[in-house]
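Source file: target-v2.txt. Holds: compact mmCIF, C-alpha atoms.
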```
# COMPACT_ATOMS: atom_id res chain seq x y z
CA MET N 73 73.05 -61.62 29.66
CA GLN N 74 72.93 -60.40 26.10
CA SER N 75 70.65 -57.64 25.02
CA PRO N 76 69.40 -57.78 21.43
CA GLU N 77 70.78 -54.40 20.45
CA ASN N 78 74.41 -55.30 21.06
CA TYR N 79 74.08 -58.78 19.70
CA ASN N 80 74.62 -59.41 16.05
CA THR N 81 76.02 -62.54 14.49
CA ALA N 82 77.61 -60.79 11.54
CA THR N 83 79.29 -57.95 13.39
CA ASN N 84 79.34 -57.91 17.13
CA SER N 85 79.22 -54.26 18.01
CA LEU N 86 81.11 -54.86 21.25
CA THR N 87 84.22 -55.74 19.38
CA ASP N 88 85.84 -54.72 16.15
CA PRO N 89 87.80 -57.60 14.62
CA ARG N 90 89.25 -55.26 12.00
CA LYS N 91 91.32 -53.71 14.75
CA TRP N 92 92.44 -56.95 16.38
CA VAL N 93 95.70 -57.23 14.47
CA ASP N 94 96.63 -53.66 15.34
CA LEU N 95 95.54 -53.75 18.93
CA HIS N 96 96.32 -57.25 20.10
CA SER N 97 98.49 -59.30 17.78
CA ASP N 98 101.84 -58.24 19.27
CA TYR N 99 100.55 -58.85 22.76
CA LEU N 100 99.23 -62.28 21.85
CA TYR N 101 102.45 -63.12 20.06
CA LYS N 102 104.47 -62.21 23.12
CA TYR N 103 102.13 -64.22 25.29
CA ALA N 104 102.52 -67.27 23.07
CA LEU N 105 106.25 -66.89 22.60
CA THR N 106 106.96 -66.60 26.31
CA ARG N 107 105.22 -69.88 26.82
CA ILE N 108 106.01 -71.82 23.70
CA ASN N 109 109.44 -70.52 22.79
CA ASP N 110 109.15 -71.28 19.12
CA THR N 111 108.53 -68.33 16.81
CA GLU N 112 106.86 -70.35 14.08
CA THR N 113 104.43 -72.05 16.45
CA ALA N 114 103.76 -68.77 18.24
CA ARG N 115 102.84 -67.05 14.95
CA GLU N 116 100.52 -69.88 14.02
CA LEU N 117 98.87 -69.70 17.41
CA VAL N 118 98.20 -65.97 17.04
CA GLN N 119 96.64 -66.54 13.63
CA ASP N 120 94.56 -69.49 14.86
CA THR N 121 93.43 -67.45 17.83
CA LEU N 122 92.17 -64.49 15.82
CA LEU N 123 90.46 -66.73 13.29
CA ALA N 124 88.85 -68.75 16.07
CA GLY N 125 87.78 -65.45 17.63
CA LEU N 126 86.04 -64.51 14.38
CA GLU N 127 84.14 -67.75 14.34
CA ARG N 128 83.03 -67.26 17.90
CA LEU N 129 82.25 -63.59 17.51
CA ASP N 130 78.64 -64.14 18.54
CA LYS N 131 79.84 -65.59 21.83
CA PHE N 132 81.69 -62.45 22.87
CA GLU N 133 79.45 -60.67 25.31
CA GLY N 134 81.74 -57.92 26.47
CA LYS N 135 81.92 -59.40 29.95
CA SER N 136 85.68 -59.20 29.76
CA THR N 137 87.82 -57.01 27.58
CA GLU N 138 88.45 -58.01 24.02
CA ARG N 139 92.06 -58.73 24.87
CA THR N 140 91.19 -60.92 27.83
CA TRP N 141 88.74 -62.83 25.70
CA LEU N 142 91.26 -63.40 22.91
CA THR N 143 93.93 -64.33 25.42
CA ALA N 144 91.65 -66.99 26.87
CA ILE N 145 91.27 -68.52 23.42
CA LEU N 146 95.03 -68.43 22.95
CA LYS N 147 95.62 -69.97 26.32
CA ASN N 148 93.60 -73.04 25.37
CA LYS N 149 95.66 -73.36 22.23
CA VAL N 150 98.86 -73.10 24.22
CA VAL N 151 97.69 -75.88 26.50
CA ASP N 152 97.03 -78.03 23.43
CA VAL N 153 100.65 -77.56 22.44
CA TYR N 154 101.76 -78.43 25.99
CA ARG N 155 99.64 -81.52 25.88
CA LYS N 156 101.22 -82.67 22.65
CA ARG N 157 104.66 -82.04 24.08
CA SER N 158 103.96 -83.86 27.29
CA SER N 159 102.68 -86.92 25.47
CA ALA N 160 106.10 -87.06 23.87
CA PHE N 161 107.53 -86.77 27.39
CA ILE N 162 109.22 -90.14 27.50
CA LYS N 163 110.71 -89.97 24.02
CA GLN N 164 111.90 -86.42 24.37
CA PRO N 165 115.66 -86.14 24.12
CA GLY N 166 117.31 -83.87 26.61
CA LEU N 167 115.01 -84.91 29.39
CA GLU N 168 117.17 -87.77 30.53
CA THR N 169 120.21 -85.56 30.41
CA ALA N 170 118.53 -82.91 32.50
CA GLU N 171 117.29 -85.49 34.96
CA HIS N 172 120.72 -86.93 35.19
CA GLU N 173 122.19 -83.50 35.79
CA MET N 174 119.72 -82.92 38.56
CA ASP N 175 120.78 -86.13 40.27
CA ASP N 176 124.24 -84.67 40.29
CA PHE N 177 123.16 -81.82 42.55
CA PHE N 178 123.14 -83.87 45.73
CA GLU N 179 125.36 -86.50 47.30
CA PRO N 180 123.81 -89.90 46.69
CA ASP N 181 123.64 -91.04 50.31
CA ALA N 182 123.42 -88.02 52.57
CA CYS N 183 121.40 -85.99 50.04
CA ASN N 184 123.23 -82.79 50.83
CA TRP N 185 124.61 -80.43 48.20
CA LYS N 186 127.64 -81.48 46.24
CA PRO N 187 130.29 -78.78 46.71
CA ASP N 188 130.30 -77.75 43.03
CA HIS N 189 126.57 -77.25 42.94
CA ARG N 190 125.98 -75.36 46.16
CA PRO N 191 123.96 -72.20 45.70
CA GLN N 192 125.99 -69.05 46.20
CA GLU N 193 124.59 -65.63 46.70
CA PHE N 194 124.25 -63.75 43.46
CA GLY N 195 122.66 -60.61 44.73
CA ILE N 196 119.36 -60.62 42.88
CA GLU N 197 117.52 -59.64 46.03
CA GLN N 198 118.15 -55.89 45.77
CA PRO N 199 119.45 -55.24 42.27
CA ASP N 200 119.24 -51.92 40.52
CA CYS N 201 117.00 -51.61 37.49
CA LEU N 202 119.63 -52.19 34.85
CA GLU N 203 120.93 -55.32 36.49
CA ARG N 204 117.43 -56.55 36.82
CA LYS N 205 116.86 -56.17 33.11
CA GLU N 206 120.00 -58.08 32.25
CA PHE N 207 119.16 -60.68 34.81
CA LYS N 208 115.78 -61.26 33.24
CA GLN N 209 117.36 -61.81 29.87
CA ILE N 210 119.53 -64.51 31.36
CA LEU N 211 116.52 -65.92 33.14
CA GLN N 212 114.66 -66.25 29.85
CA LYS N 213 117.58 -67.97 28.20
CA CYS N 214 117.87 -70.35 31.11
CA MET N 215 114.15 -71.12 30.97
CA GLN N 216 114.49 -71.95 27.32
CA LYS N 217 117.03 -74.61 28.17
CA LEU N 218 114.52 -76.54 30.24
CA PRO N 219 112.98 -79.61 28.60
CA GLY N 220 109.60 -78.83 27.01
CA LEU N 221 107.40 -80.49 29.58
CA TRP N 222 109.26 -78.92 32.47
CA LEU N 223 108.93 -75.50 30.94
CA SER N 224 105.23 -76.11 30.36
CA VAL N 225 104.65 -77.12 33.96
CA PHE N 226 106.84 -74.32 35.26
CA THR N 227 105.24 -71.54 33.22
CA MET N 228 101.70 -72.75 33.81
CA LYS N 229 102.35 -72.64 37.52
CA HIS N 230 104.54 -69.58 37.91
CA MET N 231 103.33 -67.34 35.10
CA ASP N 232 99.71 -68.27 34.79
CA GLU N 233 99.24 -69.38 38.37
CA GLU N 234 97.11 -72.28 37.27
CA ALA N 235 95.79 -74.67 39.91
CA THR N 236 97.97 -77.73 40.32
CA ASP N 237 95.02 -80.04 39.59
CA THR N 238 94.36 -78.21 36.33
CA ILE N 239 97.97 -78.53 35.22
CA CYS N 240 98.04 -82.24 36.05
CA ALA N 241 94.80 -82.80 34.15
CA ASP N 242 95.83 -80.67 31.16
CA LEU N 243 99.24 -82.25 30.82
CA ASN N 244 98.18 -85.69 31.92
CA ILE N 245 100.71 -86.05 34.71
CA THR N 246 100.32 -87.25 38.29
CA PRO N 247 100.62 -84.84 41.24
CA SER N 248 103.79 -86.61 42.26
CA ASN N 249 105.25 -86.06 38.76
CA PHE N 250 104.20 -82.47 39.06
CA TRP N 251 106.17 -81.86 42.25
CA VAL N 252 109.22 -83.66 40.97
CA ILE N 253 109.17 -81.55 37.81
CA ILE N 254 108.67 -78.30 39.73
CA HIS N 255 111.59 -79.17 42.00
CA ARG N 256 113.92 -80.26 39.22
CA ALA N 257 113.03 -77.36 36.98
CA LYS N 258 113.91 -74.90 39.74
CA LEU N 259 117.19 -76.63 40.58
CA ASN N 260 118.24 -76.51 36.95
CA LEU N 261 117.08 -72.97 36.44
CA ARG N 262 118.83 -71.72 39.55
CA GLU N 263 122.05 -73.43 38.64
CA CYS N 264 121.92 -72.01 35.13
CA LEU N 265 121.43 -68.51 36.56
CA GLN N 266 124.35 -68.94 38.90
CA LYS N 267 126.59 -70.09 36.05
CA HIS N 268 125.70 -67.20 33.80
CA TRP N 269 125.24 -64.39 36.27
CA ILE N 270 128.16 -64.58 38.66
CA MET I 70 120.13 -91.38 63.08
CA ASP I 71 116.59 -90.42 64.01
CA GLU I 72 114.25 -88.83 61.48
CA LEU I 73 114.86 -85.24 62.53
CA THR I 74 118.62 -85.63 62.42
CA LYS I 75 118.24 -87.04 58.93
CA ILE I 76 116.28 -84.05 57.66
CA ALA I 77 118.89 -81.72 59.09
CA TYR I 78 121.30 -83.00 56.46
CA ASN I 79 118.91 -83.73 53.64
CA CYS I 80 119.19 -80.76 51.28
CA LYS I 81 117.44 -82.63 48.49
CA LYS I 82 114.33 -82.99 50.61
CA ALA I 83 114.64 -79.48 52.03
CA THR I 84 114.75 -77.90 48.57
CA PHE I 85 111.80 -80.05 47.55
CA LEU I 86 109.82 -78.81 50.56
CA ILE I 87 110.79 -75.22 49.80
CA GLU I 88 109.28 -75.54 46.33
CA LYS I 89 106.23 -77.30 47.62
CA GLN I 90 105.65 -74.71 50.32
CA GLU I 91 105.86 -71.80 47.89
CA ILE I 92 103.09 -72.90 45.61
CA GLY I 93 101.18 -75.41 47.63
CA ALA I 94 100.86 -76.59 51.13
CA ILE I 95 103.11 -78.69 53.30
CA THR I 96 102.10 -80.54 56.44
CA MET I 97 102.88 -79.38 59.96
CA ARG I 98 105.49 -82.07 60.24
CA GLU I 99 107.11 -80.99 56.97
CA LYS I 100 107.12 -77.40 58.17
CA LEU I 101 108.95 -78.45 61.30
CA GLU I 102 111.44 -80.50 59.33
CA LEU I 103 112.12 -77.62 56.99
CA LYS I 104 112.54 -75.22 59.87
CA ILE I 105 115.06 -77.47 61.55
CA HIS I 106 116.92 -77.93 58.29
CA LEU I 107 117.05 -74.25 57.41
CA ALA I 108 118.19 -73.31 60.91
CA GLY I 109 121.37 -75.23 60.32
CA CYS I 110 121.83 -74.99 56.56
CA ARG I 111 122.97 -71.67 55.14
CA VAL I 112 123.16 -73.00 51.59
CA CYS I 113 119.50 -73.97 51.55
CA ARG I 114 118.60 -70.60 53.04
CA ILE I 115 120.26 -69.02 50.02
CA PHE I 116 118.42 -71.45 47.78
CA GLN I 117 115.13 -70.43 49.34
CA GLN I 118 115.75 -66.70 48.86
CA GLN I 119 116.73 -67.24 45.25
CA SER I 120 113.82 -69.53 44.60
CA VAL I 121 111.38 -66.89 45.81
CA ALA I 122 113.14 -64.19 43.78
CA ILE I 123 113.10 -66.35 40.64
CA ASN I 124 109.38 -67.01 41.00
CA LYS I 125 108.69 -63.31 41.32
CA MET I 126 110.75 -62.49 38.30
CA VAL I 127 109.22 -65.22 36.17
CA LYS I 128 105.82 -63.83 37.03
CA SER I 129 106.81 -60.35 35.97
CA LEU I 130 108.52 -61.42 32.75
CA LEU I 131 105.41 -60.93 30.69
CA TYR I 132 104.92 -57.37 31.76
CA HIS I 133 108.40 -56.24 30.92
CA HIS I 134 108.18 -55.15 27.37
CA ASP I 135 111.84 -54.28 27.18
CA VAL I 136 112.81 -57.86 27.86
CA THR I 137 110.27 -59.53 25.68
CA ASN I 138 110.54 -56.92 23.01
CA VAL I 139 109.11 -59.10 20.30
CA LYS I 140 106.77 -58.05 17.58
CA LEU I 141 105.19 -59.73 14.63
CA ASP I 142 106.51 -58.57 11.29
CA ASP I 143 104.32 -56.31 9.18
CA ASP I 144 104.06 -58.78 6.33
CA PHE I 145 102.55 -61.37 8.62
CA LYS I 146 100.22 -58.79 10.15
CA ASN I 147 99.02 -57.59 6.74
CA LYS I 148 98.23 -61.10 5.61
CA LEU I 149 96.36 -61.77 8.80
CA GLN I 150 94.47 -58.52 8.44
CA HIS I 151 93.40 -59.56 4.94
CA ARG I 152 92.25 -62.95 6.10
CA ILE I 153 90.15 -61.36 8.80
CA GLU I 154 88.56 -58.87 6.41
CA ASN I 155 87.84 -61.55 3.84
CA GLN I 156 86.20 -63.60 6.52
CA LEU I 157 84.10 -60.65 7.66
CA ASN I 158 83.04 -59.75 4.14
CA LYS I 159 81.83 -63.23 3.30
```
For this file, produce the structure as structure tokens.
Amino acid sequence: MQSPENYNTATNSLTDPRKWVDLHSDYLYKYALTRINDTETARELVQDTLLAGLERLDKFEGKSTERTWLTAILKNKVVDVYRKRSSAFIKQPGLETAEHEMDDFFEPDACNWKPDHRPQEFGIEQPDCLERKEFKQILQKCMQKLPGLWLSVFTMKHMDEEATDTICADLNITPSNFWVIIHRAKLNLRECLQKHWI
Amino acid sequence: MDELTKIAYNCKKATFLIEKQEIGAITMREKLELKIHLAGCRVCRIFQQQSVAINKMVKSLLYHHDVTNVKLDDDFKNKLQHRIENQLNK
């Protein structure tokens, strides 16, 4: 419900766009960069988001915080990027390689771990704070090695906790594709962590 | 080999079920299969622990400013600020 006194098309008194850059741009940039992993695209997305916010100023009703509202706009833009990437799914180089690597994890017949790829303990269960920080840096680097679509699916699920149906619809993949990607992304990620942490 | 003996050795399927269980739902039968597998497979038990830990850490990545210590440069911010003010003053 909007009351007339806090509703104004020229300047919405619930929000002050002049402060957006100061208050939210770094946050939005970080949000975009964690998901898109391309500084140029992330910058563009922040700019597009704030400008889109300006255009929709009259739609901001103060039901959520300014930041939440802007983040929602950004999120839609991120999904657009994901969608573009996933439509290039088949042609994307690196995907076949990664898929091939994943098939190397298990013995072809018995489907048990190949000796070289068996998970070993790397003690991330009870690390101290410093280790945890370093570990996260490796984790981010390893995530960035995942093929674009995999990273999109993985971050939408694990960071944003989107519903599986939503992810499938947004990225135009089948549920069975979804589960295969989730599985393969984790196998690759885990192996990368083991290689670089131990 | 009957079906349950097969799952006891199938780490590919077990790891798949581990992932599926964490973010979705698996059937009663799948739960049983996974339980049987994990009872006998130490490597997949490690995988499961790590998988859970990775998910937790991925979730918390965003909130750790020290790790994602990225900021937009001032030049970019100034330009953006100008664009916004121009737009508002139209």
Using only C-alpha atoms, determine which residues of chain N fall within 6 Å of chain I; present them as a PDB file with C-alpha atoms, in the frame of the given file.
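Here's the written file out21.pdb:
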```pdb
ATOM      1  CA  ASP N  98     101.840 -58.240  19.270  1.00  0.00           C
ATOM      2  CA  CYS N 183     121.400 -85.990  50.040  1.00  0.00           C
ATOM      3  CA  ASN N 184     123.230 -82.790  50.830  1.00  0.00           C
ATOM      4  CA  PRO N 191     123.960 -72.200  45.700  1.00  0.00           C
ATOM      5  CA  HIS N 230     104.540 -69.580  37.910  1.00  0.00           C
ATOM      6  CA  MET N 231     103.330 -67.340  35.100  1.00  0.00           C
ATOM      7  CA  HIS N 255     111.590 -79.170  42.000  1.00  0.00           C
TER       8      HIS N 255
END
```
In Å, with one decimal, what is the gap from atom CA of N:Gln266 to atom CA of N:Asp176?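 Value for the atom CA of N:Gln266-atom CA of N:Asp176 distance: 15.8 Å.
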In Å, with one decimal, what is the gap from atom CA of N:Tyr154 to atom CA of N:Leu223? 9.2 Å
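Taking atom CA of N:Lys147 as the reference point, atom CA of N:Met228 is found at 10.0 Å.
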Can you pull out every residue within 12 Å of N:Met215, counting all atoms listed in the file, but drop anything in the same chain fewer than 3 positions away, and send it as a compact mmCIF listing (two decimals) with C-alpha atoms, keeping the file's coordinate frame?
```txt
# COMPACT_ATOMS: atom_id res chain seq x y z
CA THR N 106 106.96 -66.60 26.31
CA ARG N 107 105.22 -69.88 26.82
CA ILE N 108 106.01 -71.82 23.70
CA ASN N 109 109.44 -70.52 22.79
CA LYS N 208 115.78 -61.26 33.24
CA GLN N 209 117.36 -61.81 29.87
CA ILE N 210 119.53 -64.51 31.36
CA LEU N 211 116.52 -65.92 33.14
CA GLN N 212 114.66 -66.25 29.85
CA LEU N 218 114.52 -76.54 30.24
CA PRO N 219 112.98 -79.61 28.60
CA GLY N 220 109.60 -78.83 27.01
CA LEU N 221 107.40 -80.49 29.58
CA TRP N 222 109.26 -78.92 32.47
CA LEU N 223 108.93 -75.50 30.94
CA SER N 224 105.23 -76.11 30.36
CA VAL N 225 104.65 -77.12 33.96
CA PHE N 226 106.84 -74.32 35.26
CA THR N 227 105.24 -71.54 33.22
CA HIS N 230 104.54 -69.58 37.91
CA ALA N 257 113.03 -77.36 36.98
CA LYS N 258 113.91 -74.90 39.74
CA LEU N 259 117.19 -76.63 40.58
CA ASN N 260 118.24 -76.51 36.95
CA LEU N 261 117.08 -72.97 36.44
CA ARG N 262 118.83 -71.72 39.55
CA GLU N 263 122.05 -73.43 38.64
CA CYS N 264 121.92 -72.01 35.13
CA LEU N 265 121.43 -68.51 36.56
CA ILE I 123 113.10 -66.35 40.64
CA ASN I 124 109.38 -67.01 41.00
CA MET I 126 110.75 -62.49 38.30
CA VAL I 127 109.22 -65.22 36.17
CA LEU I 130 108.52 -61.42 32.75
```
